[in-house]
Amino acid sequence: MPKLTFISDTHNLHSKIKIEPCDILIHTGDATGRGTMPEISSFLYWFSNQPAQHKVFVSGNHDWIYQKDPQMASMLISQYSDITYLQDSMVELMGLKIYGSPWTPRFYDWAFMGDPPLLETKWSQIPDGIDILLTHGPAYGILDDTDDNDKAGCKTLRHHILTRIKPKVFCSGHIHEGYGQLKVDDTLFINASSCNSSYRPVNPPITIEV
């Protein structure tokens, strides 16, 4: 069975994250602080040099370059044959169908934030039959509690996951306080935020076999 390691929300502190050998290393967004070209270049170089055969990631709301300058972002990623970037798209690796999307409910004015009609459109595009679903933001009510005891996840995403998509694994980040794992029905939900709410990289990577 492939061994998958999940991280998220490293916010330029990726060099402080210890990655053990795995088959697929997955990052669910906010690799950077402001999504500048130097930040992305640093992350991609580090990501490519980690001990995994495949690396997969999606953008987060801090990773501006993928929304503001997708052509530049694509050029940077193209330098690394072992890295797959997913933006409302899918890849099949080691027999696993993996779909990724960067969108989250609107919160101030950050990258890849959408209002309910847009989010419904994005989630409706996710195909049935996938094994691993990656989004930057969590589903409502599952590993999405903030320090203020608010639930910050997306209700329509939760609906699509539990009633239609039903992946083996769903992984997100975004809400640092929600770090952890929880099985709901037949789906393992993961919040892989590496940084805590104080932006300290104290949460270890989460590794599973699928």
# chains A, B, ... in the order shown; residues from 1 in each chain; ligands from 1
>>> select_by_dssp(residues="region 10-201 of chain A", states="strand (DSSP E)", output="ChimeraX atom specification")
/A:22-27,52-57,83-85,89-93,96-101,104-105,113-114,132-135,169-172,180-184,187-191
>>> closest_residue(among="A:Val184, A:Ala111, A:Ile208, A:Ile40", to="Gln67 (chain A)", atoms="only C-alpha atoms")
A:Ala111
>>> closest_residue(among="A:Met72, A:Leu182, A:Leu143, A:Ile175", to="Ser194 (chain A)", atoms="only C-alpha atoms")
A:Ile175
>>> closest_residue(among="A:Val56, A:Val202, A:Leu134, A:Val169", to="Leu93 (chain A)", atoms="only C-alpha atoms")
A:Val56
>>> closest_residue(among="A:Ser101, A:Ser172, A:Ser193, A:Thr121", to="Gly137 (chain A)", atoms="only C-alpha atoms")
A:Ser172
>>> residues_around(residues="region 6-20 of chain A", least_positions_apart="2", cutoff="7 Å", atoms="only C-alpha atoms", output="JSON, numbers by chain")
{"A": [4, 22, 25, 26, 27, 28, 29, 30, 31, 32, 33, 39, 50, 51, 173, 174, 192, 193, 194, 195, 201, 205, 206, 207]}
>>> select_by_dssp(residues="region 40-203 of chain A", states="alpha helix (DSSP H)", output="ChimeraX atom specification")
/A:40-48,65-68,70-77,116-124,155-160
>>> write_last_selection(atoms="N, CA and C atoms", output="mmCIF file, in the first residue's frame")
data_model
loop_
_atom_site.group_PDB
_atom_site.id
_atom_site.type_symbol
_atom_site.label_atom_id
_atom_site.label_comp_id
_atom_site.auth_asym_id
_atom_site.auth_seq_id
_atom_site.Cartn_x
_atom_site.Cartn_y
_atom_site.Cartn_z
ATOM 1 N N ILE A 40 8.015 31.102 -3.477
ATOM 2 C CA ILE A 40 7.608 29.886 -4.182
ATOM 3 C C ILE A 40 8.827 29.103 -4.662
ATOM 4 N N SER A 41 9.827 29.798 -5.162
ATOM 5 C CA SER A 41 11.039 29.133 -5.634
ATOM 6 C C SER A 41 11.717 28.375 -4.501
ATOM 7 N N SER A 42 11.802 28.994 -3.338
ATOM 8 C CA SER A 42 12.403 28.338 -2.177
ATOM 9 C C SER A 42 11.621 27.100 -1.783
ATOM 10 N N PHE A 43 10.294 27.223 -1.756
ATOM 11 C CA PHE A 43 9.461 26.081 -1.378
ATOM 12 C C PHE A 43 9.604 24.936 -2.369
ATOM 13 N N LEU A 44 9.524 25.226 -3.663
ATOM 14 C CA LEU A 44 9.591 24.173 -4.670
ATOM 15 C C LEU A 44 10.920 23.431 -4.615
ATOM 16 N N TYR A 45 12.012 24.166 -4.408
ATOM 17 C CA TYR A 45 13.324 23.521 -4.302
ATOM 18 C C TYR A 45 13.352 22.574 -3.106
ATOM 19 N N TRP A 46 12.858 23.050 -1.972
ATOM 20 C CA TRP A 46 12.805 22.188 -0.773
ATOM 21 C C TRP A 46 11.894 20.989 -1.006
ATOM 22 N N PHE A 47 10.707 21.236 -1.552
ATOM 23 C CA PHE A 47 9.699 20.195 -1.761
ATOM 24 C C PHE A 47 10.256 19.088 -2.647
ATOM 25 N N SER A 48 10.921 19.466 -3.715
ATOM 26 C CA SER A 48 11.462 18.484 -4.651
ATOM 27 C C SER A 48 12.542 17.619 -4.025
ATOM 28 N N ILE A 65 0.824 33.925 -6.070
ATOM 29 C CA ILE A 65 1.371 33.870 -7.421
ATOM 30 C C ILE A 65 0.548 32.966 -8.335
ATOM 31 N N TYR A 66 -0.062 31.913 -7.777
ATOM 32 C CA TYR A 66 -0.818 30.976 -8.610
ATOM 33 C C TYR A 66 -2.097 31.598 -9.145
ATOM 34 N N GLN A 67 -2.598 32.634 -8.473
ATOM 35 C CA GLN A 67 -3.777 33.328 -8.970
ATOM 36 C C GLN A 67 -3.410 34.575 -9.771
ATOM 37 N N LYS A 68 -2.417 35.331 -9.304
ATOM 38 C CA LYS A 68 -2.059 36.585 -9.976
ATOM 39 C C LYS A 68 -1.209 36.375 -11.221
ATOM 40 N N PRO A 70 -0.380 32.988 -13.036
ATOM 41 C CA PRO A 70 -0.326 31.535 -13.224
ATOM 42 C C PRO A 70 0.713 31.095 -14.243
ATOM 43 N N GLN A 71 1.009 31.942 -15.224
ATOM 44 C CA GLN A 71 2.028 31.578 -16.215
ATOM 45 C C GLN A 71 3.409 31.472 -15.563
ATOM 46 N N MET A 72 3.746 32.434 -14.709
ATOM 47 C CA MET A 72 5.015 32.370 -13.988
ATOM 48 C C MET A 72 5.043 31.165 -13.058
ATOM 49 N N ALA A 73 3.932 30.928 -12.357
ATOM 50 C CA ALA A 73 3.864 29.785 -11.449
ATOM 51 C C ALA A 73 4.088 28.480 -12.206
ATOM 52 N N SER A 74 3.468 28.349 -13.358
ATOM 53 C CA SER A 74 3.629 27.139 -14.160
ATOM 54 C C SER A 74 5.072 26.964 -14.616
ATOM 55 N N MET A 75 5.721 28.070 -14.966
ATOM 56 C CA MET A 75 7.114 27.997 -15.395
ATOM 57 C C MET A 75 7.998 27.499 -14.253
ATOM 58 N N LEU A 76 7.754 28.010 -13.044
ATOM 59 C CA LEU A 76 8.550 27.581 -11.898
ATOM 60 C C LEU A 76 8.346 26.097 -11.609
ATOM 61 N N ILE A 77 7.107 25.641 -11.646
ATOM 62 C CA ILE A 77 6.804 24.243 -11.341
ATOM 63 C C ILE A 77 7.373 23.319 -12.404
ATOM 64 N N PRO A 116 -20.541 31.635 -2.016
ATOM 65 C CA PRO A 116 -21.216 30.337 -2.170
ATOM 66 C C PRO A 116 -21.501 29.890 -3.608
ATOM 67 N N PRO A 117 -21.963 30.759 -4.517
ATOM 68 C CA PRO A 117 -22.213 30.255 -5.883
ATOM 69 C C PRO A 117 -20.951 29.730 -6.575
ATOM 70 N N LEU A 118 -19.837 30.440 -6.405
ATOM 71 C CA LEU A 118 -18.590 29.978 -7.011
ATOM 72 C C LEU A 118 -18.137 28.665 -6.380
ATOM 73 N N LEU A 119 -18.209 28.580 -5.052
ATOM 74 C CA LEU A 119 -17.780 27.361 -4.372
ATOM 75 C C LEU A 119 -18.628 26.170 -4.798
ATOM 76 N N GLU A 120 -19.922 26.368 -4.933
ATOM 77 C CA GLU A 120 -20.791 25.281 -5.392
ATOM 78 C C GLU A 120 -20.360 24.810 -6.776
ATOM 79 N N THR A 121 -20.003 25.740 -7.642
ATOM 80 C CA THR A 121 -19.528 25.374 -8.976
ATOM 81 C C THR A 121 -18.239 24.564 -8.900
ATOM 82 N N LYS A 122 -17.299 25.027 -8.071
ATOM 83 C CA LYS A 122 -16.016 24.326 -7.950
ATOM 84 C C LYS A 122 -16.199 22.925 -7.383
ATOM 85 N N TRP A 123 -17.004 22.790 -6.332
ATOM 86 C CA TRP A 123 -17.183 21.462 -5.714
ATOM 87 C C TRP A 123 -17.956 20.532 -6.638
ATOM 88 N N SER A 124 -18.879 21.074 -7.437
ATOM 89 C CA SER A 124 -19.637 20.237 -8.373
ATOM 90 C C SER A 124 -18.742 19.656 -9.457
ATOM 91 N N LYS A 155 -19.691 24.574 4.211
ATOM 92 C CA LYS A 155 -20.845 23.679 4.317
ATOM 93 C C LYS A 155 -21.110 22.926 3.019
ATOM 94 N N THR A 156 -20.982 23.610 1.879
ATOM 95 C CA THR A 156 -21.255 22.922 0.622
ATOM 96 C C THR A 156 -20.184 21.878 0.308
ATOM 97 N N LEU A 157 -18.942 22.146 0.707
ATOM 98 C CA LEU A 157 -17.888 21.144 0.533
ATOM 99 C C LEU A 157 -18.199 19.899 1.346
ATOM 100 N N ARG A 158 -18.616 20.087 2.588
ATOM 101 C CA ARG A 158 -18.982 18.940 3.432
ATOM 102 C C ARG A 158 -20.095 18.122 2.780
ATOM 103 N N HIS A 159 -21.093 18.810 2.249
ATOM 104 C CA HIS A 159 -22.210 18.111 1.617
ATOM 105 C C HIS A 159 -21.725 17.259 0.458
ATOM 106 N N HIS A 160 -20.891 17.814 -0.398
ATOM 107 C CA HIS A 160 -20.408 17.061 -1.553
ATOM 108 C C HIS A 160 -19.546 15.876 -1.126
#
>>> residues_around(residues="Thr104 (chain A)", least_positions_apart="5", cutoff="8 Å", atoms="only C-alpha atoms", output="list of chain:residue names")
A:Asn61, A:Phe112, A:Met113, A:Gly114, A:Leu119, A:His136, A:Gly137, A:Cys154
>>> atom_distance(atom1="CA of Tyr80 (chain A)", atom2="CA of Cys171 (chain A)")
23.2 Å
>>> atom_distance(atom1="CA of Lys97 (chain A)", atom2="CA of Gly129 (chain A)")
7.9 Å
>>> atom_distance(atom1="CA of Asn149 (chain A)", atom2="CA of Tyr179 (chain A)")
14.2 Å
>>> closest_residue(among="A:Asp144, A:Asp88, A:Asp150, A:Arg164", to="His176 (chain A)", atoms="only C-alpha atoms")
A:Asp144
>>> residues_around(residues="Ser197 (chain A)", least_positions_apart="3", cutoff="8 Å", atoms="only C-alpha atoms", output="ChimeraX atom specification")
/A:147,176-177,200
>>> write_last_selection(atoms="all heavy atoms", output="PDB file, in the first residue's frame")
ATOM      1  N   ASP A 147      -9.653  29.238  17.361  1.00  0.00           N
ATOM      2  CA  ASP A 147      -9.439  29.548  18.775  1.00  0.00           C
ATOM      3  C   ASP A 147     -10.612  30.304  19.389  1.00  0.00           C
ATOM      4  O   ASP A 147     -10.770  30.339  20.607  1.00  0.00           O
ATOM      5  CB  ASP A 147      -8.155  30.376  18.947  1.00  0.00           C
ATOM      6  CG  ASP A 147      -6.900  29.531  18.813  1.00  0.00           C
ATOM      7  OD1 ASP A 147      -6.989  28.302  18.992  1.00  0.00           O
ATOM      8  OD2 ASP A 147      -5.826  30.090  18.531  1.00  0.00           O
ATOM      9  N   HIS A 176      -5.384  26.450  11.302  1.00  0.00           N
ATOM     10  CA  HIS A 176      -4.259  25.832  11.997  1.00  0.00           C
ATOM     11  C   HIS A 176      -4.690  25.093  13.257  1.00  0.00           C
ATOM     12  O   HIS A 176      -4.130  24.056  13.605  1.00  0.00           O
ATOM     13  CB  HIS A 176      -3.226  26.899  12.371  1.00  0.00           C
ATOM     14  CG  HIS A 176      -2.620  27.607  11.206  1.00  0.00           C
ATOM     15  ND1 HIS A 176      -1.556  28.479  11.337  1.00  0.00           N
ATOM     16  CD2 HIS A 176      -2.907  27.603   9.872  1.00  0.00           C
ATOM     17  CE1 HIS A 176      -1.219  28.967  10.159  1.00  0.00           C
ATOM     18  NE2 HIS A 176      -2.037  28.454   9.251  1.00  0.00           N
ATOM     19  N   GLU A 177      -5.684  25.635  13.933  1.00  0.00           N
ATOM     20  CA  GLU A 177      -6.127  25.051  15.198  1.00  0.00           C
ATOM     21  C   GLU A 177      -6.814  23.699  15.013  1.00  0.00           C
ATOM     22  O   GLU A 177      -7.010  22.953  15.977  1.00  0.00           O
ATOM     23  CB  GLU A 177      -7.087  25.998  15.922  1.00  0.00           C
ATOM     24  CG  GLU A 177      -6.556  27.399  16.142  1.00  0.00           C
ATOM     25  CD  GLU A 177      -6.987  28.364  15.041  1.00  0.00           C
ATOM     26  OE1 GLU A 177      -6.660  28.107  13.855  1.00  0.00           O
ATOM     27  OE2 GLU A 177      -7.637  29.367  15.355  1.00  0.00           O
ATOM     28  N   ARG A 200       3.863  28.766  14.505  1.00  0.00           N
ATOM     29  CA  ARG A 200       5.051  27.992  14.861  1.00  0.00           C
ATOM     30  C   ARG A 200       4.888  26.587  14.285  1.00  0.00           C
ATOM     31  O   ARG A 200       3.844  25.961  14.475  1.00  0.00           O
ATOM     32  CB  ARG A 200       5.228  27.927  16.379  1.00  0.00           C
ATOM     33  CG  ARG A 200       5.509  29.277  17.016  1.00  0.00           C
ATOM     34  CD  ARG A 200       5.617  29.143  18.530  1.00  0.00           C
ATOM     35  NE  ARG A 200       6.647  28.194  18.899  1.00  0.00           N
ATOM     36  CZ  ARG A 200       6.512  27.295  19.892  1.00  0.00           C
ATOM     37  NH1 ARG A 200       5.386  27.226  20.595  1.00  0.00           N
ATOM     38  NH2 ARG A 200       7.492  26.473  20.173  1.00  0.00           N
TER      39      ARG A 200
END
